[in-house]
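Here is my_file.cif, consisting of mmCIF, C-alpha atoms:
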```
data_protein
loop_
_atom_site.label_atom_id
_atom_site.label_comp_id
_atom_site.auth_asym_id
_atom_site.auth_seq_id
_atom_site.Cartn_x
_atom_site.Cartn_y
_atom_site.Cartn_z
CA MET A 1 -14.58 -19.73 1.20
CA ASN A 2 -13.86 -23.34 2.05
CA ASP A 3 -10.97 -24.93 3.93
CA ILE A 4 -9.12 -26.04 0.82
CA VAL A 5 -8.82 -22.46 -0.41
CA ILE A 6 -7.73 -21.12 2.97
CA HIS A 7 -5.19 -23.91 3.39
CA HIS A 8 -3.65 -23.17 0.03
CA GLU A 9 -3.87 -19.39 0.33
CA SER A 10 -0.83 -18.91 2.57
CA GLU A 11 1.09 -21.37 0.41
CA VAL A 12 0.05 -19.47 -2.74
CA ILE A 13 1.06 -16.12 -1.30
CA GLY A 14 4.50 -17.28 -0.18
CA LYS A 15 5.25 -18.90 -3.51
CA ALA A 16 3.83 -16.03 -5.53
CA LEU A 17 6.01 -13.51 -3.68
CA THR A 18 9.05 -15.69 -4.43
CA ALA A 19 8.06 -15.90 -8.09
CA LEU A 20 7.48 -12.16 -8.23
CA SER A 21 10.91 -11.35 -6.78
CA GLY A 22 12.43 -13.86 -9.19
CA ILE A 23 11.07 -12.33 -12.37
CA LEU A 24 11.56 -8.67 -11.45
CA THR A 25 14.48 -6.98 -13.17
CA ARG A 26 13.50 -3.33 -12.64
CA PRO A 27 10.94 -1.10 -10.89
CA TRP A 28 7.37 -0.96 -12.17
CA SER A 29 4.44 1.33 -11.35
CA ILE A 30 1.10 -0.43 -11.39
CA MET A 31 -2.26 1.19 -10.77
CA GLU A 32 -5.04 -0.62 -8.97
CA ILE A 33 -7.96 1.38 -10.31
CA CYS A 34 -10.40 0.15 -7.67
CA GLY A 35 -10.46 1.74 -4.22
CA GLY A 36 -11.74 -1.52 -2.74
CA GLN A 37 -8.48 -3.12 -3.88
CA THR A 38 -6.44 -0.25 -2.38
CA HIS A 39 -8.06 -1.04 0.96
CA ALA A 40 -7.61 -4.80 0.50
CA PHE A 41 -3.88 -4.40 -0.28
CA MET A 42 -3.35 -2.41 2.91
CA GLN A 43 -5.76 -4.25 5.18
CA THR A 44 -4.14 -7.62 4.41
CA GLY A 45 -0.61 -6.25 4.73
CA LEU A 46 0.11 -7.30 1.15
CA SER A 47 1.23 -3.81 0.13
CA ALA A 48 4.04 -4.02 2.70
CA MET A 49 5.03 -7.52 1.55
CA LEU A 50 5.46 -6.59 -2.11
CA PRO A 51 9.04 -6.22 -3.40
CA ASP A 52 10.35 -2.62 -3.31
CA GLU A 53 10.43 -2.56 -7.11
CA ILE A 54 6.61 -2.56 -7.25
CA GLU A 55 4.97 0.80 -6.70
CA LEU A 56 1.21 0.69 -6.32
CA ILE A 57 -0.41 3.83 -7.68
CA HIS A 58 -3.89 4.16 -6.19
CA GLY A 59 -6.56 4.86 -8.76
CA PRO A 60 -9.76 6.92 -8.73
CA GLY A 61 -12.06 3.90 -8.39
CA CYS A 62 -13.90 5.24 -5.39
CA PRO A 63 -17.38 6.46 -6.35
CA VAL A 64 -17.83 8.39 -3.13
CA CYS A 65 -14.56 10.24 -3.80
CA VAL A 66 -15.23 11.22 -7.40
CA THR A 67 -18.87 12.28 -7.06
CA SER A 68 -18.68 15.93 -8.03
CA LEU A 69 -18.88 18.66 -5.43
CA GLU A 70 -21.76 20.20 -7.35
CA LEU A 71 -23.80 17.00 -6.99
CA VAL A 72 -22.96 16.70 -3.29
CA ASP A 73 -24.19 20.30 -2.88
CA LYS A 74 -27.33 19.45 -4.85
CA ALA A 75 -27.90 16.42 -2.61
CA VAL A 76 -27.59 18.63 0.47
CA ALA A 77 -30.04 21.15 -1.03
CA ILE A 78 -32.60 18.48 -1.98
CA ALA A 79 -32.27 16.64 1.35
CA ALA A 80 -32.98 19.89 3.22
CA LYS A 81 -36.31 20.38 1.42
CA GLU A 82 -39.63 19.91 3.20
CA ASN A 83 -41.42 16.69 2.35
CA VAL A 84 -38.28 14.92 1.10
CA ILE A 85 -36.89 11.64 2.41
CA PHE A 86 -33.31 11.55 1.12
CA THR A 87 -31.78 8.07 0.93
CA SER A 88 -28.15 7.20 0.34
CA TYR A 89 -25.40 4.66 0.83
CA GLY A 90 -23.86 5.40 4.23
CA ASP A 91 -20.49 6.62 3.01
CA MET A 92 -21.99 9.65 1.28
CA LEU A 93 -23.31 11.23 4.49
CA ARG A 94 -19.96 12.54 5.73
CA VAL A 95 -18.66 13.63 2.32
CA PRO A 96 -17.95 17.35 2.59
CA GLY A 97 -19.93 19.64 0.33
CA SER A 98 -19.06 23.31 -0.15
CA GLU A 99 -20.84 24.43 3.01
CA SER A 100 -22.38 21.36 4.59
CA ASN A 101 -22.88 17.61 4.28
CA LEU A 102 -25.83 15.20 4.42
CA PHE A 103 -25.02 14.27 8.01
CA SER A 104 -25.47 17.91 9.04
CA VAL A 105 -28.78 18.08 7.18
CA ARG A 106 -29.95 15.11 9.24
CA ALA A 107 -28.67 16.71 12.45
CA ARG A 108 -30.72 19.80 11.61
CA GLY A 109 -33.88 17.67 11.34
CA GLY A 110 -33.80 16.61 7.70
CA ASP A 111 -35.07 13.11 6.90
CA VAL A 112 -31.84 11.54 5.59
CA ARG A 113 -31.73 7.75 5.69
CA VAL A 114 -28.98 5.25 5.00
CA VAL A 115 -30.10 2.37 2.81
CA TYR A 116 -28.35 -0.83 1.79
CA SER A 117 -29.78 -0.81 -1.72
CA PRO A 118 -31.87 1.42 -4.01
CA MET A 119 -34.66 -1.22 -3.89
CA GLU A 120 -34.90 -0.40 -0.20
CA ALA A 121 -35.29 3.28 -1.13
CA LEU A 122 -38.07 2.29 -3.55
CA GLN A 123 -39.83 0.43 -0.73
CA ILE A 124 -39.62 3.58 1.42
CA ALA A 125 -41.29 5.47 -1.44
CA GLN A 126 -44.07 2.86 -1.64
CA LYS A 127 -44.67 3.10 2.12
CA ASN A 128 -44.63 6.93 2.13
CA PRO A 129 -46.75 7.99 -0.86
CA GLN A 130 -47.21 11.52 0.55
CA LYS A 131 -43.43 12.10 0.60
CA GLU A 132 -40.86 12.53 -2.18
CA VAL A 133 -38.19 9.86 -1.82
CA VAL A 134 -34.83 10.59 -3.46
CA PHE A 135 -31.97 8.12 -3.79
CA PHE A 136 -28.37 9.28 -4.32
CA GLY A 137 -27.43 6.99 -7.22
CA ILE A 138 -23.66 7.03 -7.19
CA GLY A 139 -21.24 4.38 -8.33
CA PHE A 140 -19.30 2.68 -11.09
CA GLU A 141 -20.51 -0.12 -13.37
CA THR A 142 -20.93 -2.41 -10.35
CA THR A 143 -23.81 -0.49 -8.79
CA ALA A 144 -25.34 0.63 -12.09
CA PRO A 145 -27.58 -2.47 -12.49
CA SER A 146 -28.82 -2.08 -8.92
CA ASN A 147 -29.56 1.61 -9.37
CA ALA A 148 -31.12 1.07 -12.80
CA ILE A 149 -33.46 -1.69 -11.63
CA SER A 150 -34.96 0.61 -9.00
CA VAL A 151 -36.20 3.12 -11.59
CA ILE A 152 -37.27 0.33 -13.94
CA LYS A 153 -39.37 -1.17 -11.14
CA ALA A 154 -40.64 2.27 -10.11
CA LYS A 155 -41.98 2.74 -13.64
CA GLU A 156 -43.44 -0.78 -13.81
CA ARG A 157 -45.18 -0.23 -10.47
CA ASN A 158 -46.26 3.30 -11.44
CA ILE A 159 -44.54 4.87 -8.43
CA GLN A 160 -44.41 8.64 -8.91
CA ASN A 161 -42.78 9.80 -5.68
CA TYR A 162 -39.39 8.16 -6.28
CA SER A 163 -36.42 9.78 -8.01
CA MET A 164 -32.67 9.42 -8.27
CA LEU A 165 -29.84 11.93 -8.14
CA VAL A 166 -27.53 10.16 -10.57
CA SER A 167 -23.75 10.38 -10.42
CA HIS A 168 -22.72 7.31 -12.37
CA VAL A 169 -19.17 6.97 -13.62
CA ARG A 170 -17.39 4.40 -15.79
CA VAL A 171 -13.89 2.98 -15.50
CA PRO A 172 -12.60 2.85 -19.12
CA PRO A 173 -12.89 6.62 -19.80
CA ALA A 174 -10.99 7.28 -16.54
CA MET A 175 -8.22 4.94 -17.71
CA HIS A 176 -8.01 6.88 -20.98
CA ALA A 177 -7.77 10.14 -19.02
CA ILE A 178 -5.01 8.79 -16.75
CA LEU A 179 -2.97 7.24 -19.56
CA SER A 180 -3.16 10.25 -21.85
CA ALA A 181 -2.11 12.74 -19.13
CA ASP A 182 1.36 14.29 -19.63
CA ASN A 183 2.48 13.29 -16.14
CA ASN A 184 1.22 9.70 -16.34
CA ARG A 185 3.43 7.17 -14.53
CA VAL A 186 1.17 4.11 -14.83
CA GLN A 187 2.81 1.21 -16.68
CA GLY A 188 0.23 -1.48 -16.03
CA PHE A 189 -3.28 -1.76 -14.66
CA LEU A 190 -5.15 -4.04 -12.33
CA ALA A 191 -8.67 -3.80 -13.77
CA ALA A 192 -11.45 -3.97 -11.18
CA GLY A 193 -12.79 -7.53 -11.13
CA HIS A 194 -16.38 -6.73 -10.30
CA VAL A 195 -16.67 -3.96 -12.89
CA CYS A 196 -15.57 -6.59 -15.42
CA ALA A 197 -18.01 -9.13 -13.95
CA VAL A 198 -20.75 -6.76 -15.14
CA MET A 199 -19.23 -5.26 -18.30
CA GLY A 200 -16.87 -7.98 -19.48
CA MET A 201 -13.37 -7.41 -20.83
CA GLU A 202 -13.96 -6.13 -24.36
CA GLU A 203 -13.68 -2.43 -23.49
CA TYR A 204 -10.13 -2.99 -22.22
CA PHE A 205 -8.49 -4.45 -25.33
CA PRO A 206 -8.46 -1.11 -27.23
CA ILE A 207 -6.96 0.60 -24.14
CA ALA A 208 -4.16 -1.97 -23.88
CA GLU A 209 -3.52 -1.58 -27.60
CA LYS A 210 -3.64 2.21 -27.77
CA TYR A 211 -1.36 2.82 -24.78
CA GLN A 212 0.70 -0.38 -25.20
CA ILE A 213 0.20 -1.56 -21.63
CA PRO A 214 -0.79 -4.75 -19.85
CA ILE A 215 -4.13 -4.92 -18.03
CA THR A 216 -5.01 -7.73 -15.63
CA VAL A 217 -8.59 -8.32 -14.47
CA THR A 218 -8.10 -8.84 -10.74
CA GLY A 219 -10.21 -10.07 -7.83
CA PHE A 220 -10.24 -9.04 -4.20
CA GLU A 221 -8.92 -11.90 -2.04
CA PRO A 222 -5.23 -11.66 -1.07
CA PHE A 223 -4.20 -14.37 -3.54
CA ASP A 224 -6.29 -12.68 -6.26
CA LEU A 225 -4.49 -9.38 -5.71
CA LEU A 226 -1.08 -10.99 -5.76
CA ARG A 227 -1.98 -12.95 -8.85
CA GLY A 228 -3.03 -9.68 -10.53
CA ILE A 229 0.36 -8.14 -9.71
CA LEU A 230 2.25 -11.23 -10.83
CA GLU A 231 0.42 -11.48 -14.17
CA THR A 232 0.95 -7.75 -14.82
CA VAL A 233 4.66 -7.95 -13.98
CA ARG A 234 5.07 -11.03 -16.19
CA MET A 235 3.66 -9.06 -19.12
CA LEU A 236 5.72 -5.94 -18.29
CA GLU A 237 8.95 -7.92 -18.03
CA LYS A 238 8.27 -9.72 -21.31
CA GLY A 239 7.15 -6.52 -23.01
CA THR A 240 3.77 -7.99 -23.93
CA VAL A 241 0.62 -5.94 -24.24
CA GLY A 242 -2.88 -7.22 -23.66
CA VAL A 243 -5.69 -8.06 -21.28
CA VAL A 244 -5.47 -11.09 -19.00
CA ASN A 245 -8.27 -12.46 -16.84
CA ALA A 246 -6.93 -13.43 -13.41
CA TYR A 247 -10.41 -13.63 -11.86
CA GLU A 248 -12.06 -16.33 -13.94
CA ARG A 249 -14.43 -17.54 -11.26
CA ALA A 250 -16.40 -14.28 -11.41
CA VAL A 251 -15.57 -12.74 -14.79
CA SER A 252 -16.36 -13.91 -18.31
CA SER A 253 -15.13 -12.04 -21.37
CA GLN A 254 -18.67 -10.90 -22.25
CA GLY A 255 -19.61 -9.99 -18.67
CA ASN A 256 -23.18 -10.29 -17.47
CA LYS A 257 -25.44 -9.56 -20.46
CA GLN A 258 -28.59 -9.41 -18.33
CA ALA A 259 -27.01 -6.77 -16.09
CA GLN A 260 -25.85 -4.81 -19.17
CA GLU A 261 -29.39 -4.88 -20.59
CA ILE A 262 -30.77 -3.50 -17.32
CA ILE A 263 -28.21 -0.66 -17.45
CA GLU A 264 -29.03 0.09 -21.11
CA GLN A 265 -32.76 0.13 -20.42
CA ALA A 266 -32.49 3.01 -17.94
CA PHE A 267 -29.22 4.83 -18.62
CA THR A 268 -27.47 6.64 -21.44
CA GLU A 269 -23.87 7.85 -21.68
CA CYS A 270 -23.02 11.41 -20.70
CA ASP A 271 -20.06 13.64 -19.89
CA ARG A 272 -19.34 13.62 -16.19
CA GLN A 273 -17.44 15.84 -13.74
CA TRP A 274 -15.11 13.85 -11.49
CA ARG A 275 -14.28 15.49 -8.18
CA GLY A 276 -10.60 16.36 -8.06
CA ILE A 277 -10.05 15.40 -11.70
CA GLY A 278 -12.46 17.47 -13.80
CA MET A 279 -14.72 16.69 -16.72
CA ILE A 280 -14.07 13.41 -18.56
CA PRO A 281 -16.00 13.09 -21.84
CA ASN A 282 -18.55 10.25 -22.03
CA SER A 283 -17.42 8.99 -18.65
CA GLY A 284 -20.80 8.72 -17.00
CA TRP A 285 -24.32 7.48 -17.25
CA LYS A 286 -27.50 9.46 -16.69
CA LEU A 287 -31.14 8.41 -16.87
CA ASN A 288 -32.33 8.26 -20.48
CA ALA A 289 -35.42 9.97 -21.92
CA ASP A 290 -37.67 7.01 -21.00
CA TYR A 291 -36.83 7.48 -17.32
CA ALA A 292 -36.39 11.29 -17.19
CA GLN A 293 -39.35 11.55 -14.81
CA TYR A 294 -37.18 9.80 -12.19
CA ASP A 295 -34.29 12.26 -12.55
CA ALA A 296 -34.04 14.23 -9.28
CA GLU A 297 -32.02 16.97 -11.01
CA LEU A 298 -35.01 17.65 -13.26
CA LYS A 299 -37.60 17.15 -10.53
CA PHE A 300 -36.20 19.54 -7.90
CA GLU A 301 -35.29 23.19 -8.32
CA VAL A 302 -32.19 23.89 -6.22
CA GLY A 303 -31.11 27.28 -7.55
CA ASP A 304 -27.55 28.22 -8.46
CA ILE A 305 -24.88 26.09 -6.83
CA ILE A 306 -21.58 27.85 -6.17
CA THR A 307 -18.99 25.26 -5.23
CA ARG A 308 -16.02 25.80 -2.96
CA GLU A 309 -13.36 23.14 -2.31
CA SER A 310 -11.06 22.99 0.71
CA GLU A 311 -7.87 24.93 -0.04
CA VAL A 312 -5.65 22.47 1.83
CA CYS A 313 -6.96 19.13 0.54
CA ILE A 314 -4.94 17.45 -2.24
CA SER A 315 -7.45 14.66 -2.93
CA GLY A 316 -7.51 15.56 -6.62
CA LEU A 317 -3.79 14.79 -6.96
CA ILE A 318 -4.28 11.60 -4.94
CA LEU A 319 -7.14 10.44 -7.17
CA GLN A 320 -4.95 10.97 -10.21
CA GLY A 321 -2.14 8.94 -8.65
CA ILE A 322 0.23 11.93 -8.63
CA LYS A 323 0.56 12.15 -4.84
CA LYS A 324 0.17 9.72 -1.95
CA PRO A 325 -2.11 10.50 1.04
CA ASN A 326 0.80 10.85 3.49
CA GLN A 327 2.25 13.64 1.30
CA CYS A 328 -0.69 15.86 2.26
CA PRO A 329 0.07 18.41 5.02
CA ALA A 330 -3.42 17.92 6.48
CA PHE A 331 -3.27 14.10 6.56
CA GLY A 332 -4.09 12.74 10.01
CA THR A 333 -3.99 16.19 11.61
CA LEU A 334 -6.49 18.64 10.12
CA CYS A 335 -8.07 15.83 8.11
CA THR A 336 -9.30 12.58 9.69
CA PRO A 337 -12.20 10.20 8.96
CA GLN A 338 -14.16 11.93 11.75
CA ASN A 339 -13.47 15.38 10.30
CA PRO A 340 -12.64 14.85 6.61
CA LEU A 341 -11.56 17.72 4.35
CA GLY A 342 -11.89 15.59 1.24
CA ALA A 343 -13.96 12.62 0.14
CA THR A 344 -10.90 10.34 -0.10
CA MET A 345 -10.70 10.42 3.72
CA VAL A 346 -14.37 9.43 4.10
CA SER A 347 -15.00 6.38 2.07
CA SER A 348 -14.26 2.74 2.73
CA GLU A 349 -12.74 2.88 -0.75
CA GLY A 350 -10.82 6.17 -0.41
CA ALA A 351 -7.01 6.05 -0.42
CA CYS A 352 -6.62 8.54 2.46
CA ALA A 353 -9.00 6.52 4.64
CA ALA A 354 -6.99 3.36 3.84
CA TYR A 355 -3.70 5.03 4.81
CA TYR A 356 -5.27 6.40 7.98
CA ARG A 357 -6.82 3.09 9.04
CA TYR A 358 -3.96 0.82 8.17
CA GLY A 359 -1.13 3.08 9.27
CA ARG A 360 0.86 4.09 6.22
CA ASN A 361 1.98 7.44 7.61
CA MET B 362 -21.27 -0.04 -1.28
CA CYS B 363 -19.13 -0.59 -4.33
CA LEU B 364 -17.58 -3.52 -2.52
CA GLY B 365 -18.93 -6.80 -3.82
CA VAL B 366 -19.61 -9.51 -1.29
CA PRO B 367 -20.06 -13.19 -2.14
CA GLY B 368 -23.09 -14.89 -0.59
CA LYS B 369 -25.01 -18.15 -0.92
CA ILE B 370 -28.58 -18.24 -2.21
CA LYS B 371 -30.87 -19.85 0.38
CA GLU B 372 -34.25 -19.08 -1.14
CA ILE B 373 -35.64 -17.67 -4.40
CA TYR B 374 -38.96 -15.81 -4.55
CA THR B 375 -40.86 -13.31 -6.65
CA VAL B 376 -42.29 -10.09 -5.31
CA GLU B 377 -44.18 -7.61 -7.52
CA LYS B 378 -42.84 -9.41 -10.62
CA THR B 379 -39.25 -9.03 -9.39
CA ARG B 380 -36.96 -12.05 -8.97
CA MET B 381 -35.49 -11.86 -5.48
CA GLY B 382 -33.59 -14.17 -3.14
CA LYS B 383 -32.57 -14.63 0.47
CA VAL B 384 -28.79 -14.64 0.35
CA ASP B 385 -26.60 -15.74 3.25
CA PHE B 386 -23.44 -13.75 3.97
CA ASP B 387 -21.61 -15.68 6.69
CA GLY B 388 -24.76 -16.08 8.76
CA VAL B 389 -26.41 -12.77 7.88
CA SER B 390 -29.35 -13.18 5.52
CA LEU B 391 -30.32 -10.33 3.20
CA ASP B 392 -32.89 -9.85 0.44
CA VAL B 393 -31.09 -9.57 -2.87
CA CYS B 394 -32.40 -8.79 -6.35
CA LEU B 395 -31.67 -11.71 -8.71
CA GLU B 396 -32.99 -10.13 -11.93
CA ALA B 397 -29.58 -10.29 -13.67
CA VAL B 398 -28.75 -13.88 -12.68
CA SER B 399 -31.71 -15.80 -14.08
CA ASP B 400 -29.68 -19.06 -14.14
CA ALA B 401 -28.83 -18.88 -10.45
CA GLU B 402 -30.26 -21.65 -8.28
CA ILE B 403 -30.55 -22.25 -4.57
CA GLY B 404 -27.08 -23.15 -3.27
CA ASP B 405 -25.23 -21.03 -5.83
CA TYR B 406 -22.80 -18.35 -4.72
CA VAL B 407 -23.37 -14.89 -6.16
CA ILE B 408 -21.44 -11.62 -5.92
CA VAL B 409 -23.72 -8.93 -4.56
CA HIS B 410 -23.32 -5.18 -4.99
CA ALA B 411 -25.83 -2.88 -3.30
CA GLY B 412 -28.44 -5.58 -2.91
CA PHE B 413 -28.11 -6.79 -6.50
CA ALA B 414 -26.43 -10.00 -7.67
CA ILE B 415 -24.04 -9.15 -10.52
CA SER B 416 -22.38 -12.52 -11.07
CA ILE B 417 -22.67 -16.23 -10.29
CA LEU B 418 -19.41 -17.55 -8.85
CA SER B 419 -18.29 -20.71 -10.50
CA GLN B 420 -18.24 -23.54 -7.98
CA ASP B 421 -14.70 -24.69 -8.75
CA GLU B 422 -13.21 -21.84 -6.76
CA ALA B 423 -10.79 -24.16 -4.97
CA ALA B 424 -9.71 -25.68 -8.28
CA GLU B 425 -8.83 -22.23 -9.58
CA THR B 426 -6.58 -21.58 -6.61
CA LEU B 427 -4.89 -24.94 -7.13
CA LYS B 428 -4.41 -24.18 -10.82
CA TYR B 429 -2.79 -20.89 -9.90
CA LEU B 430 -0.54 -22.64 -7.41
CA LYS B 431 0.61 -24.94 -10.19
CA GLU B 432 1.36 -21.96 -12.45
CA ILE B 433 3.48 -20.32 -9.76
CA ASP B 434 5.34 -23.57 -9.12
CA GLU B 435 6.18 -23.67 -12.81
CA ILE B 436 7.52 -20.10 -12.72
CA ASN B 437 9.61 -20.89 -9.64
CA GLN B 438 11.00 -24.04 -11.22
CA GLN B 439 11.92 -22.11 -14.36
CA LEU B 440 13.69 -19.52 -12.22
CA LEU B 441 15.60 -22.23 -10.36
CA ALA B 442 16.61 -23.81 -13.66
CA GLU B 443 17.94 -20.45 -14.90
CA ASP B 444 20.08 -19.91 -11.76
#
```
Written as structure tokens, that's how I'd like the structure from this file.
Amino acid sequence: MNDIVIHHESEVIGKALTALSGILTRPWSIMEICGGQTHAFMQTGLSAMLPDEIELIHGPGCPVCVTSLELVDKAVAIAAKENVIFTSYGDMLRVPGSESNLFSVRARGGDVRVVYSPMEALQIAQKNPQKEVVFFGIGFETTAPSNAISVIKAKERNIQNYSMLVSHVRVPPAMHAILSADNNRVQGFLAAGHVCAVMGMEEYFPIAEKYQIPITVTGFEPFDLLRGILETVRMLEKGTVGVVNAYERAVSSQGNKQAQEIIEQAFTECDRQWRGIGMIPNSGWKLNADYAQYDAELKFEVGDIITRESEVCISGLILQGIKKPNQCPAFGTLCTPQNPLGATMVSSEGACAAYYRYGRN
Amino acid sequence: MCLGVPGKIKEIYTVEKTRMGKVDFDGVSLDVCLEAVSDAEIGDYVIVHAGFAISILSQDEAAETLKYLKEIDEINQQLLAED
């Protein structure tokens, strides 16, 4: 970012906070769906600077957190197999499964590698033709094009020893689930800017209409976050419903059509289990019939998986915005980033990890 | 992982029929897949998720901030007028 932006940023924040206090007439509960934004609010100190009337409800937009326990257990089982190189984004390694995690598999001699992108995993497959290389394809709409392109390229290059354990989730079905719950408290949403950069804004208009709420497409810099809050509060105070784009430099209303085509080429919609939340209909993507040969769930036999969650951890309630991390009896004592009981304490997008790191206890 | 990072395209190349680029993130250069940003040119800023560019950032970033500043000033002036 250049000097002009930085120079104006502190000015913008000061003035925006004044404007926000000026227009507020009552308390509002706003959900930032994206875990990256939860971290950004806390890391920058913005969450502490907001007027008391604004309650931020932290959403489930943390792919590491919502990847189902069953899939984590499957990952552990596949990674422990002979002849497998299991590749993953780093955050997934410490996520607790029922009995073990990927980090423990590696400690016991399993070949578990952290990669920066699935294309890197594909390169590992090309360099190790005698091994089976599996990539843990988790994520929301933002990582879907990246994960999809790796199987598309695998097919183009006729690479047979690459596969993906897919745990893709989508934001709009989660918003439906949150808003239709009996105990919903969310009055307005900050929509995740980068999800919208890929998918556009069209999916959000019916949600705003159906639940009569404002939705603001929001970026990740401090002034973006504050702008998202301010736009949402303006609509709440006026009683208007709709979708506003407060992140124009990255988001167009149609999104990135090329990225959407890449997703459509490899994936198809499916029901998906969300850890801590349960099954949400049509909330995920899986590999479609054209790419079924790259589906690790079909390629590897792992036997029956019997899942077992921690009895203490309340990450499900946290992911649904019902409880805050510091309301958990295990927070910061039994459960820490080094020894997490739940995935929300692991990830750089998890709410518990944000509270732990930035001291909201 | 899910966190998007803006970077500047330094070089564009093709490997095994895949459009790729060297993208600079504050001095760290990484190989990034540019298949979904076919209009992107050297010097453009892109938002990168998991080694894949999902969006070209429009260059008038500073102008957007200034526009926002103007909007806030208007709100504040309205509030002052109401007081």
At a cut-off of 12 Å, using all atoms listed in the file, what residues contact Ala411 of chain B? Leave out same-chain residues fewer than 6 positions from it and give the result as a short mmCIF file (atom, residue, chain, number, x, y, z; two decimals) with C-alpha atoms, in the frame of the given file.
```cif
data_model
loop_
_atom_site.label_atom_id
_atom_site.label_comp_id
_atom_site.auth_asym_id
_atom_site.auth_seq_id
_atom_site.Cartn_x
_atom_site.Cartn_y
_atom_site.Cartn_z
CA SER A 88 -28.15 7.20 0.34
CA TYR A 89 -25.40 4.66 0.83
CA GLY A 90 -23.86 5.40 4.23
CA VAL A 115 -30.10 2.37 2.81
CA TYR A 116 -28.35 -0.83 1.79
CA SER A 117 -29.78 -0.81 -1.72
CA PRO A 118 -31.87 1.42 -4.01
CA MET A 119 -34.66 -1.22 -3.89
CA GLU A 120 -34.90 -0.40 -0.20
CA ALA A 121 -35.29 3.28 -1.13
CA GLY A 137 -27.43 6.99 -7.22
CA ILE A 138 -23.66 7.03 -7.19
CA GLY A 139 -21.24 4.38 -8.33
CA PHE A 140 -19.30 2.68 -11.09
CA GLU A 141 -20.51 -0.12 -13.37
CA THR A 142 -20.93 -2.41 -10.35
CA THR A 143 -23.81 -0.49 -8.79
CA ALA A 144 -25.34 0.63 -12.09
CA PRO A 145 -27.58 -2.47 -12.49
CA SER A 146 -28.82 -2.08 -8.92
CA ASN A 147 -29.56 1.61 -9.37
CA ALA A 148 -31.12 1.07 -12.80
CA ILE A 149 -33.46 -1.69 -11.63
CA SER A 150 -34.96 0.61 -9.00
CA MET B 362 -21.27 -0.04 -1.28
CA CYS B 363 -19.13 -0.59 -4.33
CA LEU B 364 -17.58 -3.52 -2.52
CA GLY B 365 -18.93 -6.80 -3.82
CA VAL B 366 -19.61 -9.51 -1.29
CA PRO B 367 -20.06 -13.19 -2.14
CA LEU B 391 -30.32 -10.33 3.20
CA ASP B 392 -32.89 -9.85 0.44
CA VAL B 393 -31.09 -9.57 -2.87
CA CYS B 394 -32.40 -8.79 -6.35
CA LEU B 395 -31.67 -11.71 -8.71
#
```
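Residues in contact with Thr333 of chain A at 12 Å, where all atoms listed in the file are counted and same-chain residues fewer than 5 positions away are skipped, are listed as Val312, Cys313, Asn326, Cys328, Gln338, Asn339, Pro340, Leu341, Met345, Tyr356 and Asn361 of chain A.
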Output C-alpha atoms for every residue in the selection just made, as a compact mmCIF listing (two decimals), in the coordinates of the input.
```txt
# COMPACT_ATOMS: atom_id res chain seq x y z
CA VAL A 312 -5.65 22.47 1.83
CA CYS A 313 -6.96 19.13 0.54
CA ASN A 326 0.80 10.85 3.49
CA CYS A 328 -0.69 15.86 2.26
CA GLN A 338 -14.16 11.93 11.75
CA ASN A 339 -13.47 15.38 10.30
CA PRO A 340 -12.64 14.85 6.61
CA LEU A 341 -11.56 17.72 4.35
CA MET A 345 -10.70 10.42 3.72
CA TYR A 356 -5.27 6.40 7.98
CA ASN A 361 1.98 7.44 7.61
```
Contacts from chain B to chain A, 9 Å maximum, only C-alpha atoms: show me the residue list as a ChimeraX atom specification. /B:362-365,377-379,393-394,396-399,407-408,410-427,429-430,433-434,436-437,440
Using only C-alpha atoms, determine which residues lie at most 6 Å from segment 287-291 of chain A, disregarding the query and same-chain residues fewer than 5 positions distant; provide the list as number ranges by chain. A: 266-268
Just the number, please: distance in Å from atom CA of Met279 of chain A to atom CA of Cys65 of chain A, one decimal.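 About the pair atom CA of Met279 of chain A and atom CA of Cys65 of chain A: they are 14.4 Å apart.
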Could you check how far atom CA of Phe135 of chain A sits from atom CA of Ser68 of chain A, in Å to one decimal? 16.0 Å
At what distance in Å, to one decimal, does atom CA of Cys196 of chain A lie from atom CA of Trp285 of chain A?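 Between atom CA of Trp285 of chain A and atom CA of Cys196 of chain A the gap is 16.7 Å.
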Could you name the residues that touch Ile403 of chain B at 9 Å or less, counting all atoms listed in the file, but leaving out those on the same chain fewer than 2 positions away, as a PDB file with C-alpha atoms, in the coordinates of the input?
```
ATOM      1  CA  LYS B 369     -25.010 -18.150  -0.920  1.00  0.00           C
ATOM      2  CA  ILE B 370     -28.580 -18.240  -2.210  1.00  0.00           C
ATOM      3  CA  LYS B 371     -30.870 -19.850   0.380  1.00  0.00           C
ATOM      4  CA  GLU B 372     -34.250 -19.080  -1.140  1.00  0.00           C
ATOM      5  CA  ILE B 373     -35.640 -17.670  -4.400  1.00  0.00           C
ATOM      6  CA  GLY B 382     -33.590 -14.170  -3.140  1.00  0.00           C
ATOM      7  CA  ALA B 401     -28.830 -18.880 -10.450  1.00  0.00           C
ATOM      8  CA  ASP B 405     -25.230 -21.030  -5.830  1.00  0.00           C
ATOM      9  CA  TYR B 406     -22.800 -18.350  -4.720  1.00  0.00           C
TER      10      TYR B 406
END
```
Might you spell out which residues the PyMOL selection byres ((chain A and resi 166) around 7) would select in the displayed file, as a PyMOL selection string? chain A and resi 136-138+164-165+167-168+286
